[in-house]
$ cat my_file35.cif   # mmCIF, C-alpha atoms and all ligand atoms
data_coords
#
loop_
_atom_site.label_atom_id
_atom_site.label_comp_id
_atom_site.auth_asym_id
_atom_site.auth_seq_id
_atom_site.Cartn_x
_atom_site.Cartn_y
_atom_site.Cartn_z
CA MET A 1 0.00 0.00 0.00
CA PRO A 2 1.45 3.44 -0.87
CA ASP A 3 2.40 5.70 2.02
CA ARG A 4 -0.19 8.29 2.90
CA PRO A 5 0.88 11.79 3.96
CA TYR A 6 1.17 12.80 7.60
CA THR A 7 -2.28 14.37 8.02
CA LEU A 8 -3.12 17.21 10.33
CA LEU A 9 -6.73 18.36 10.80
CA SER A 10 -7.13 22.03 11.69
CA CYS A 11 -10.38 23.55 12.84
CA GLY A 12 -11.88 26.41 14.81
CA MET A 13 -15.21 25.86 16.54
CA SER A 14 -17.55 27.61 18.97
CA ILE A 15 -17.95 26.37 22.54
CA ASP A 16 -21.02 24.45 21.34
CA GLY A 17 -19.14 22.75 18.48
CA TYR A 18 -20.14 24.77 15.42
CA LEU A 19 -17.82 25.67 12.54
CA GLY A 20 -19.76 28.71 11.46
CA SER A 21 -23.18 30.32 11.61
CA ALA A 22 -26.39 29.34 9.84
CA SER A 23 -26.26 32.51 7.73
CA PRO A 24 -24.28 32.68 4.47
CA ARG A 25 -21.85 35.15 6.07
CA ARG A 26 -18.48 33.74 7.14
CA LEU A 27 -18.11 33.62 10.91
CA GLU A 28 -14.69 34.47 12.35
CA LEU A 29 -14.03 32.09 15.21
CA SER A 30 -10.38 32.79 15.82
CA ASN A 31 -8.23 35.82 16.59
CA ASP A 32 -5.24 37.43 14.83
CA ALA A 33 -2.63 35.55 16.85
CA ASP A 34 -4.25 32.23 16.05
CA PHE A 35 -4.64 33.09 12.35
CA ASP A 36 -0.89 33.71 12.38
CA ARG A 37 -0.29 30.33 14.07
CA VAL A 38 -2.40 28.65 11.37
CA ASP A 39 -0.36 30.50 8.74
CA ALA A 40 2.83 29.09 10.25
CA VAL A 41 1.37 25.57 10.17
CA ARG A 42 0.28 26.03 6.54
CA ALA A 43 3.83 27.01 5.64
CA THR A 44 5.10 23.62 6.90
CA CYS A 45 2.69 21.61 4.72
CA ASP A 46 2.88 20.33 1.15
CA ALA A 47 -0.87 20.50 0.51
CA ILE A 48 -4.06 21.95 2.04
CA LEU A 49 -7.41 20.22 1.52
CA VAL A 50 -10.92 21.65 2.00
CA GLY A 51 -14.36 20.41 0.96
CA ALA A 52 -16.17 21.97 -1.98
CA ALA A 53 -18.80 23.53 0.33
CA THR A 54 -16.04 25.49 2.04
CA VAL A 55 -14.73 26.68 -1.34
CA ARG A 56 -18.25 27.83 -2.27
CA ARG A 57 -19.15 29.37 1.04
CA ASP A 58 -15.93 30.93 2.36
CA ASN A 59 -14.11 31.55 -0.95
CA PRO A 60 -10.76 30.92 0.81
CA ARG A 61 -7.42 31.76 -0.80
CA LEU A 62 -5.56 29.09 1.23
CA LEU A 63 -2.21 30.82 0.77
CA VAL A 64 0.67 31.37 3.17
CA ARG A 65 0.21 35.02 4.12
CA ALA A 66 3.51 36.01 5.75
CA GLN A 67 6.14 37.11 3.22
CA ALA A 68 8.98 35.70 5.35
CA ARG A 69 7.32 32.27 5.38
CA ARG A 70 6.77 32.34 1.61
CA GLU A 71 10.43 33.28 1.10
CA GLU A 72 11.59 30.53 3.44
CA ARG A 73 9.64 28.02 1.33
CA THR A 74 11.00 29.30 -1.98
CA SER A 75 14.55 29.19 -0.53
CA ARG A 76 13.92 25.44 -0.05
CA GLY A 77 12.86 25.12 -3.71
CA LEU A 78 9.14 24.91 -2.86
CA ALA A 79 6.21 26.95 -4.18
CA PRO A 80 5.41 29.92 -1.88
CA SER A 81 2.23 28.16 -0.72
CA PRO A 82 1.19 24.49 -0.52
CA ILE A 83 -0.79 22.72 -3.25
CA LYS A 84 -4.53 23.38 -2.90
CA VAL A 85 -6.85 20.36 -2.93
CA THR A 86 -10.62 20.00 -2.94
CA VAL A 87 -13.14 17.18 -3.38
CA THR A 88 -16.52 17.43 -5.04
CA GLU A 89 -19.30 15.22 -6.31
CA ARG A 90 -21.53 17.84 -7.92
CA ILE A 91 -18.67 19.93 -9.44
CA GLU A 92 -20.57 23.12 -8.81
CA LEU A 93 -17.40 25.12 -8.38
CA ASP A 94 -16.77 28.56 -9.83
CA PRO A 95 -13.50 28.65 -11.81
CA CYS A 96 -13.22 32.32 -10.76
CA ALA A 97 -13.19 31.39 -7.02
CA ASP A 98 -10.09 32.52 -5.13
CA PHE A 99 -9.19 28.85 -4.57
CA PHE A 100 -8.44 28.60 -8.31
CA THR A 101 -7.27 32.10 -9.19
CA THR A 102 -4.86 32.99 -6.37
CA GLY A 103 -1.32 31.74 -5.80
CA GLU A 104 1.27 30.20 -8.11
CA THR A 105 0.58 26.77 -6.76
CA GLU A 106 -0.99 23.63 -8.16
CA LYS A 107 -4.75 23.13 -7.65
CA LEU A 108 -6.16 19.59 -7.53
CA VAL A 109 -9.85 18.65 -7.74
CA TYR A 110 -10.84 15.04 -6.88
CA CYS A 111 -14.22 13.92 -8.20
CA PRO A 112 -16.03 10.60 -8.82
CA SER A 113 -14.88 8.62 -11.88
CA PRO A 114 -18.06 9.22 -13.96
CA ARG A 115 -17.75 13.01 -13.46
CA VAL A 116 -14.13 13.41 -14.56
CA GLY A 117 -14.93 14.46 -18.14
CA ASP A 118 -17.48 17.01 -17.03
CA ALA A 119 -15.13 18.35 -14.35
CA ARG A 120 -12.27 18.70 -16.84
CA SER A 121 -14.46 20.68 -19.24
CA ARG A 122 -15.57 23.01 -16.41
CA LEU A 123 -12.33 23.35 -14.43
CA GLY A 124 -9.61 22.06 -16.76
CA PRO A 125 -8.08 25.49 -17.44
CA VAL A 126 -7.71 26.31 -13.72
CA ALA A 127 -7.04 22.97 -12.00
CA THR A 128 -5.88 19.39 -12.42
CA VAL A 129 -8.94 17.13 -12.19
CA VAL A 130 -8.17 13.74 -10.63
CA ASP A 131 -10.30 10.59 -10.73
CA GLY A 132 -11.11 9.92 -7.07
CA GLY A 133 -12.93 6.60 -7.65
CA GLN A 134 -16.62 5.88 -7.28
CA PRO A 135 -17.43 7.04 -4.65
CA VAL A 136 -14.48 9.26 -3.81
CA GLU A 137 -12.77 7.79 -0.77
CA MET A 138 -10.41 9.94 1.28
CA ARG A 139 -7.97 7.04 1.62
CA ARG A 140 -7.56 6.95 -2.13
CA VAL A 141 -7.19 10.76 -2.21
CA CYS A 142 -4.48 10.54 0.45
CA GLU A 143 -2.62 7.78 -1.36
CA ASP A 144 -2.77 9.71 -4.63
CA LEU A 145 -1.44 12.81 -2.86
CA GLY A 146 1.38 10.67 -1.44
CA ASP A 147 2.21 9.51 -4.98
CA ARG A 148 2.39 13.18 -6.00
CA GLY A 149 5.03 13.82 -3.36
CA VAL A 150 2.79 15.23 -0.63
CA ALA A 151 4.38 14.19 2.66
CA ARG A 152 2.45 16.54 4.95
CA LEU A 153 -1.23 17.34 4.41
CA MET A 154 -3.30 19.94 6.26
CA VAL A 155 -7.08 19.49 6.22
CA GLU A 156 -8.91 22.74 6.91
CA GLY A 157 -12.53 21.54 6.90
CA GLY A 158 -15.37 21.69 6.67
CA GLY A 159 -17.21 19.24 8.84
CA LYS A 160 -18.10 16.66 6.17
CA VAL A 161 -14.45 16.38 5.23
CA HIS A 162 -13.21 16.24 8.85
CA THR A 163 -15.76 13.49 9.60
CA GLN A 164 -14.44 11.30 6.79
CA PHE A 165 -10.78 11.75 7.72
CA LEU A 166 -11.53 10.91 11.35
CA CYS A 167 -13.88 7.97 10.74
CA ASP A 168 -11.55 6.50 8.07
CA ASN A 169 -8.66 6.71 10.56
CA LEU A 170 -6.62 8.92 8.23
CA ALA A 171 -5.78 11.68 10.70
CA ASP A 172 -2.49 11.77 12.59
CA GLU A 173 -3.17 14.97 14.49
CA LEU A 174 -6.09 17.26 15.33
CA GLN A 175 -5.56 20.95 16.08
CA LEU A 176 -8.86 22.15 17.50
CA VAL A 177 -9.34 25.78 18.48
CA VAL A 178 -12.28 26.69 20.72
CA ALA A 179 -13.64 30.23 20.35
CA PRO A 180 -15.17 31.85 23.43
CA PHE A 181 -18.79 32.03 22.31
CA PHE A 182 -21.84 29.96 21.39
CA VAL A 183 -23.61 29.76 18.02
CA GLY A 184 -26.73 28.09 19.38
CA ASP A 185 -28.37 27.27 16.05
CA SER A 186 -28.61 23.64 14.90
CA ARG A 187 -28.91 24.77 11.25
CA ALA A 188 -25.23 25.83 11.42
CA PRO A 189 -22.46 23.40 10.30
CA ARG A 190 -20.92 21.30 13.05
CA PHE A 191 -17.29 20.32 13.50
CA VAL A 192 -18.27 16.72 12.67
CA SER A 193 -21.45 14.89 11.71
CA ASP A 194 -22.57 11.44 12.87
CA GLY A 195 -20.10 8.62 12.38
CA ARG A 196 -18.14 5.75 13.89
CA PHE A 197 -15.12 7.51 15.28
CA PRO A 198 -12.06 5.48 16.28
CA TRP A 199 -11.86 7.57 19.47
CA ASN A 200 -14.73 6.90 21.85
CA PRO A 201 -15.29 6.34 25.57
CA GLY A 202 -13.47 3.01 25.26
CA ARG A 203 -10.55 4.41 23.30
CA ARG A 204 -9.60 7.91 24.34
CA ALA A 205 -7.45 10.14 22.15
CA THR A 206 -4.16 11.46 23.49
CA LEU A 207 -4.20 15.12 24.43
CA ALA A 208 -0.77 16.32 23.31
CA GLU A 209 -0.97 20.02 24.10
CA VAL A 210 -3.22 22.76 25.50
CA ARG A 211 -2.27 26.32 24.60
CA GLN A 212 -4.06 29.56 25.38
CA ILE A 213 -3.83 32.02 22.48
CA GLY A 214 -5.47 35.25 23.65
CA ASP A 215 -9.16 34.49 24.11
CA VAL A 216 -9.10 31.12 22.31
CA VAL A 217 -7.63 27.79 23.31
CA LEU A 218 -5.76 25.34 21.09
CA LEU A 219 -6.26 21.66 21.87
CA ARG A 220 -3.80 19.42 20.05
CA TYR A 221 -4.69 15.73 19.94
CA ALA A 222 -2.29 13.01 18.83
CA LEU A 223 -4.37 10.55 16.80
CA SER A 224 -1.60 8.23 15.64
CA ARG A 225 1.87 7.18 16.71
CA ARG A 226 3.25 9.41 13.97
CA CYS A 227 2.22 12.52 15.95
CA GLN A 228 4.88 13.92 18.26
CA THR A 229 3.52 14.56 21.73
CA ASP A 230 6.32 16.60 23.29
N1 LIG A 301 -14.18 26.99 11.51
C1 LIG A 301 -13.38 26.40 10.65
O1 LIG A 301 -12.23 26.08 10.96
C2 LIG A 301 -13.91 26.09 9.29
C3 LIG A 301 -13.04 25.58 8.32
C4 LIG A 301 -13.58 25.25 7.09
C5 LIG A 301 -14.93 25.41 6.84
N2 LIG A 301 -15.73 25.93 7.80
C6 LIG A 301 -17.17 26.06 7.56
O2 LIG A 301 -17.68 24.76 7.33
C7 LIG A 301 -18.84 24.87 6.49
C8 LIG A 301 -18.74 23.83 5.40
O3 LIG A 301 -18.66 22.56 5.97
P1 LIG A 301 -19.52 21.37 5.40
O4 LIG A 301 -19.38 20.23 6.35
O5 LIG A 301 -20.89 21.85 5.07
O6 LIG A 301 -18.81 21.03 4.01
P2 LIG A 301 -17.32 20.68 3.54
O7 LIG A 301 -16.78 19.54 4.33
O8 LIG A 301 -16.51 21.93 3.42
O9 LIG A 301 -17.61 20.22 2.04
C9 LIG A 301 -18.54 19.20 1.77
C10 LIG A 301 -18.58 19.01 0.28
O10 LIG A 301 -17.33 18.48 -0.17
C11 LIG A 301 -17.56 17.52 -1.17
N3 LIG A 301 -17.22 16.21 -0.65
C12 LIG A 301 -16.89 15.87 0.62
N4 LIG A 301 -16.62 14.57 0.70
C13 LIG A 301 -16.73 14.09 -0.55
C14 LIG A 301 -16.55 12.79 -1.12
N5 LIG A 301 -16.16 11.73 -0.40
N6 LIG A 301 -16.77 12.65 -2.44
C15 LIG A 301 -17.14 13.70 -3.22
N7 LIG A 301 -17.33 14.95 -2.74
C16 LIG A 301 -17.13 15.12 -1.41
C17 LIG A 301 -19.04 17.62 -1.53
O11 LIG A 301 -19.09 18.67 -2.48
P3 LIG A 301 -20.23 18.89 -3.58
O12 LIG A 301 -21.39 19.43 -2.79
O13 LIG A 301 -19.62 19.92 -4.49
O14 LIG A 301 -20.50 17.59 -4.24
C18 LIG A 301 -19.64 18.03 -0.19
O15 LIG A 301 -20.89 18.64 -0.31
C19 LIG A 301 -18.86 26.29 5.98
O16 LIG A 301 -19.86 26.98 6.69
C20 LIG A 301 -17.52 26.84 6.34
O17 LIG A 301 -17.60 28.22 6.64
C21 LIG A 301 -15.25 26.28 9.00
#
$ encode --input "my_file35.cif" --output "structure tokens"
Amino acid sequence: MPDRPYTLLSCGMSIDGYLGSASPRRLELSNDADFDRVDAVRATCDAILVGAATVRRDNPRLLVRAQARREERTSRGLAPSPIKVTVTERIELDPCADFFTTGETEKLVYCPSPRVGDARSRLGPVATVVDGGQPVEMRRVCEDLGDRGVARLMVEGGGKVHTQFLCDNLADELQLVVAPFFVGDSRAPRFVSDGRFPWNPGRRATLAEVRQIGDVVLLRYALSRRCQTD
């Protein structure tokens, strides 16, 4: 079996476990110091993956922001920012979205086998469309990324994507930031949906670090032996 990348899940959530609000407006859960920490983590990764709903809803650029970090990467012969990766079934993605138009970095779109032709005609000029199988399984996505030289993958949500990585036991580390407020609306997206998680009351995850960053707290969980706990 090909090696899969070291995979780090990164997420900010409210005290009551929501990733955003029920309204179409993006909800900022973190603070400037934590955004900078996330930027530093991004700079250490070879690829960043988000679900198509996050591309549609948040229109993220997914670039390393700090000039010094971009320069440090280019001095190592890397692109200034990691490869951008998304997964989609419906392929309702706007080729003008910031995901596709920003950064001199490769963009990969994984979709089900029968949709590859359609996806290439819609997104071919702005991304590399990859056959993700039928259905698309995250394990196959990870293995394909490994074959493309991705050794360290950062998954930045949303909840449907996090749920699959966790339930398929593909996550080595979880960096969970808790924002100091409640959303209180069950129509809003949650950190994870229902699933059979490998960590449960009978098998507790290892808490590797707790760090206060201004008014938020970072909880770092080691989910595999590959994650360093010191
Ligand atoms: N707080 C945070 O850290 C954070 C981070 C990221 C996102 N968010 C928020 O999270 C929300 C989005 O989360 P979400 O759970 O609704 O969606 P999501 O995980 O971002 O994306 C789900 C979509 O990804 C595609 N997808 C996922 N798994 C797939 C598979 N196995 N095969 C094919 N396609 C697959 C599908 O796209 P198609 O519909 O195109 O088929 C699916 O609808 C947004 O509100 C966003 O603001 C918050």
$ closest_atom_pairs --input "my_file35.cif" --of "chain A" --to "ligand LIG 301 (chain A)" --cutoff "8 Å" --atoms "only C-alpha atoms and all ligand atoms" --output "Markdown table"
| residue | atom | partner | partner_atom | distance |
| --- | --- | --- | --- | --- |
| A:Ser10 | CA | A:LIG301 | O1 | 6.6 |
| A:Cys11 | CA | A:LIG301 | O1 | 3.7 |
| A:Gly12 | CA | A:LIG301 | O1 | 3.9 |
| A:Met13 | CA | A:LIG301 | N1 | 5.3 |
| A:Tyr18 | CA | A:LIG301 | N1 | 7.5 |
| A:Leu19 | CA | A:LIG301 | N1 | 4.0 |
| A:Gly20 | CA | A:LIG301 | O16 | 5.1 |
| A:Ser21 | CA | A:LIG301 | O16 | 6.8 |
| A:Ala22 | CA | A:LIG301 | O16 | 7.6 |
| A:Pro24 | CA | A:LIG301 | O16 | 7.5 |
| A:Arg26 | CA | A:LIG301 | O17 | 5.6 |
| A:Leu27 | CA | A:LIG301 | O17 | 6.9 |
| A:Glu28 | CA | A:LIG301 | N1 | 7.5 |
| A:Leu29 | CA | A:LIG301 | N1 | 6.3 |
| A:Val50 | CA | A:LIG301 | O8 | 5.8 |
| A:Gly51 | CA | A:LIG301 | O9 | 3.4 |
| A:Ala52 | CA | A:LIG301 | O10 | 4.1 |
| A:Ala53 | CA | A:LIG301 | O9 | 3.9 |
| A:Thr54 | CA | A:LIG301 | O8 | 3.8 |
| A:Val55 | CA | A:LIG301 | O8 | 7.0 |
| A:Arg57 | CA | A:LIG301 | C19 | 5.8 |
| A:Asp58 | CA | A:LIG301 | O17 | 5.3 |
| A:Thr86 | CA | A:LIG301 | O10 | 7.4 |
| A:Val87 | CA | A:LIG301 | N7 | 4.8 |
| A:Thr88 | CA | A:LIG301 | N7 | 3.5 |
| A:Glu89 | CA | A:LIG301 | O14 | 3.4 |
| A:Arg90 | CA | A:LIG301 | O14 | 3.8 |
| A:Ile91 | CA | A:LIG301 | O13 | 5.0 |
| A:Glu92 | CA | A:LIG301 | O13 | 5.5 |
| A:Leu93 | CA | A:LIG301 | O13 | 6.9 |
| A:Tyr110 | CA | A:LIG301 | C15 | 7.4 |
| A:Cys111 | CA | A:LIG301 | C15 | 5.8 |
| A:Pro112 | CA | A:LIG301 | C15 | 6.5 |
| A:Gly132 | CA | A:LIG301 | N6 | 7.8 |
| A:Pro135 | CA | A:LIG301 | N6 | 6.1 |
| A:Val136 | CA | A:LIG301 | N6 | 4.3 |
| A:Glu137 | CA | A:LIG301 | N5 | 5.2 |
| A:Met138 | CA | A:LIG301 | N5 | 6.3 |
| A:Glu156 | CA | A:LIG301 | C3 | 5.2 |
| A:Gly157 | CA | A:LIG301 | C4 | 3.9 |
| A:Gly158 | CA | A:LIG301 | O8 | 3.5 |
| A:Gly159 | CA | A:LIG301 | O4 | 3.4 |
| A:Lys160 | CA | A:LIG301 | O7 | 3.7 |
| A:Val161 | CA | A:LIG301 | O7 | 4.0 |
| A:His162 | CA | A:LIG301 | O7 | 6.6 |
| A:Gln164 | CA | A:LIG301 | N4 | 7.2 |
| A:Ala188 | CA | A:LIG301 | O16 | 7.2 |
| A:Pro189 | CA | A:LIG301 | C7 | 5.5 |
| A:Arg190 | CA | A:LIG301 | O4 | 7.0 |
| A:Phe191 | CA | A:LIG301 | O4 | 7.4 |
| A:Val192 | CA | A:LIG301 | O4 | 7.3 |
| A:Ser193 | CA | A:LIG301 | O4 | 7.8 |
$ atom_distance --input "my_file35.cif" --atom1 "CA of Ala33 in chain A" --atom2 "CA of Ile48 in chain A"
20.2 Å
$ residues_around --input "my_file35.cif" --residues "Asp32 in chain A" --least-positions-apart "6" --cutoff "12 Å" --atoms "only C-alpha atoms" --output "ChimeraX atom specification"
/A:38-39,213-216
$ closest_residue --input "my_file35.cif" --among "A:Ser81, A:Gln228, A:Ser30, A:Ser186" --to "Gln67 in chain A" --atoms "all atoms listed in the file"
A:Ser81
$ atom_distance --input "my_file35.cif" --atom1 "CA of Asp34 in chain A" --atom2 "CA of Glu209 in chain A"
15.0 Å
$ closest_residue --input "my_file35.cif" --among "A:Arg37, A:Arg225, A:Pro80, A:Leu62" --to "Val155 in chain A" --atoms "only C-alpha atoms"
A:Leu62
$ atom_distance --input "my_file35.cif" --atom1 "CA of Pro5 in chain A" --atom2 "CA of Thr105 in chain A"
18.4 Å
$ residues_near_point --input "my_file35.cif" --point "(-14.6, 9.9, 11.5)" --cutoff "6 Å" --atoms "all atoms listed in the file" --output "PyMOL selection string"
chain A and resi 163-168+195-197
$ residues_around --input "my_file35.cif" --residues "Ile83 in chain A" --least-positions-apart "6" --cutoff "8 Å" --atoms "only C-alpha atoms" --output "PDB file with C-alpha atoms, in the frame of the given file"
ATOM      1  CA  ASP A  46       2.880  20.330   1.150  1.00  0.00           C
ATOM      2  CA  ALA A  47      -0.870  20.500   0.510  1.00  0.00           C
ATOM      3  CA  ILE A  48      -4.060  21.950   2.040  1.00  0.00           C
ATOM      4  CA  THR A 105       0.580  26.770  -6.760  1.00  0.00           C
ATOM      5  CA  GLU A 106      -0.990  23.630  -8.160  1.00  0.00           C
ATOM      6  CA  LYS A 107      -4.750  23.130  -7.650  1.00  0.00           C
ATOM      7  CA  LEU A 108      -6.160  19.590  -7.530  1.00  0.00           C
TER       8      LEU A 108
END
$ closest_residue --input "my_file35.cif" --among "A:Arg73, A:Pro82, A:Gly17, A:Arg61" --to "Thr102 in chain A" --atoms "all atoms listed in the file"
A:Arg61
$ closest_residue --input "my_file35.cif" --among "A:Leu207, A:Leu49, A:Ala66, A:Leu176" --to "Thr7 in chain A" --atoms "all atoms listed in the file"
A:Leu49
$ axis_aligned_box --input "my_file35.cif" --around "range 108-127 of chain A" --padding-each-side "4 Å" --output "JSON"
{"center_x": -12.1, "center_y": 17.5, "center_z": -13.1, "size_x": 19.9, "size_y": 25.7, "size_z": 20.4}
$ residues_around --input "my_file35.cif" --residues "Val210 in chain A" --least-positions-apart "4" --cutoff "8 Å" --atoms "all atoms listed in the file" --output "PyMOL selection string"
chain A and resi 217-220
$ closest_residue --input "my_file35.cif" --among "A:Thr74, A:Tyr6, A:Thr128, A:Arg25" --to "Cys227 in chain A" --atoms "only C-alpha atoms"
A:Tyr6
$ closest_residue --input "my_file35.cif" --among "A:Asp16, A:Thr101, A:Leu9, A:Lys84" --to "Val150 in chain A" --atoms "all atoms listed in the file"
A:Lys84
$ residues_near_point --input "my_file35.cif" --point "(-5.7, 21.8, -12.1)" --cutoff "9 Å" --atoms "all atoms listed in the file" --output "ChimeraX atom specification"
/A:100,106-109,120,123-130
$ decode --input "my_file35.cif" --residues "range 165-180 of chain A" --atoms "N, CA, C and O atoms" --output "mmCIF file, in the first residue's frame"
data_model
loop_
_atom_site.group_PDB
_atom_site.id
_atom_site.type_symbol
_atom_site.label_atom_id
_atom_site.label_comp_id
_atom_site.auth_asym_id
_atom_site.auth_seq_id
_atom_site.Cartn_x
_atom_site.Cartn_y
_atom_site.Cartn_z
ATOM 1 N N PHE A 165 -12.174 12.016 7.327
ATOM 2 C CA PHE A 165 -10.777 11.750 7.716
ATOM 3 C C PHE A 165 -10.713 11.067 9.079
ATOM 4 O O PHE A 165 -9.909 10.160 9.288
ATOM 5 N N LEU A 166 -11.563 11.502 10.010
ATOM 6 C CA LEU A 166 -11.525 10.913 11.350
ATOM 7 C C LEU A 166 -12.077 9.486 11.326
ATOM 8 O O LEU A 166 -11.439 8.562 11.830
ATOM 9 N N CYS A 167 -13.250 9.300 10.718
ATOM 10 C CA CYS A 167 -13.878 7.971 10.737
ATOM 11 C C CYS A 167 -13.074 6.956 9.919
ATOM 12 O O CYS A 167 -13.099 5.764 10.223
ATOM 13 N N ASP A 168 -12.367 7.423 8.887
ATOM 14 C CA ASP A 168 -11.553 6.504 8.075
ATOM 15 C C ASP A 168 -10.156 6.308 8.665
ATOM 16 O O ASP A 168 -9.295 5.681 8.040
ATOM 17 N N ASN A 169 -9.942 6.878 9.850
ATOM 18 C CA ASN A 169 -8.661 6.715 10.557
ATOM 19 C C ASN A 169 -7.476 7.204 9.711
ATOM 20 O O ASN A 169 -6.443 6.547 9.636
ATOM 21 N N LEU A 170 -7.663 8.365 9.094
ATOM 22 C CA LEU A 170 -6.621 8.924 8.227
ATOM 23 C C LEU A 170 -5.958 10.144 8.846
ATOM 24 O O LEU A 170 -5.160 10.804 8.189
ATOM 25 N N ALA A 171 -6.321 10.473 10.075
ATOM 26 C CA ALA A 171 -5.776 11.679 10.702
ATOM 27 C C ALA A 171 -4.694 11.300 11.703
ATOM 28 O O ALA A 171 -4.879 10.387 12.510
ATOM 29 N N ASP A 172 -3.570 12.000 11.637
ATOM 30 C CA ASP A 172 -2.490 11.773 12.594
ATOM 31 C C ASP A 172 -2.567 12.750 13.758
ATOM 32 O O ASP A 172 -2.077 12.466 14.848
ATOM 33 N N GLU A 173 -3.180 13.906 13.488
ATOM 34 C CA GLU A 173 -3.171 14.966 14.491
ATOM 35 C C GLU A 173 -4.396 15.856 14.284
ATOM 36 O O GLU A 173 -4.780 16.116 13.144
ATOM 37 N N LEU A 174 -4.963 16.324 15.398
ATOM 38 C CA LEU A 174 -6.087 17.264 15.331
ATOM 39 C C LEU A 174 -5.713 18.528 16.100
ATOM 40 O O LEU A 174 -5.348 18.445 17.272
ATOM 41 N N GLN A 175 -5.778 19.660 15.422
ATOM 42 C CA GLN A 175 -5.559 20.950 16.083
ATOM 43 C C GLN A 175 -6.907 21.649 16.133
ATOM 44 O O GLN A 175 -7.408 22.145 15.122
ATOM 45 N N LEU A 176 -7.501 21.655 17.319
ATOM 46 C CA LEU A 176 -8.863 22.153 17.502
ATOM 47 C C LEU A 176 -8.815 23.423 18.335
ATOM 48 O O LEU A 176 -8.330 23.411 19.459
ATOM 49 N N VAL A 177 -9.325 24.513 17.758
ATOM 50 C CA VAL A 177 -9.339 25.783 18.479
ATOM 51 C C VAL A 177 -10.768 26.068 18.930
ATOM 52 O O VAL A 177 -11.704 25.961 18.123
ATOM 53 N N VAL A 178 -10.941 26.397 20.202
ATOM 54 C CA VAL A 178 -12.278 26.689 20.721
ATOM 55 C C VAL A 178 -12.405 28.195 20.936
ATOM 56 O O VAL A 178 -11.619 28.804 21.666
ATOM 57 N N ALA A 179 -13.383 28.792 20.243
ATOM 58 C CA ALA A 179 -13.643 30.228 20.350
ATOM 59 C C ALA A 179 -14.576 30.484 21.540
ATOM 60 O O ALA A 179 -15.428 29.636 21.841
ATOM 61 N N PRO A 180 -14.448 31.639 22.175
ATOM 62 C CA PRO A 180 -15.171 31.850 23.431
ATOM 63 C C PRO A 180 -16.602 32.347 23.248
ATOM 64 O O PRO A 180 -16.994 33.364 23.832
#
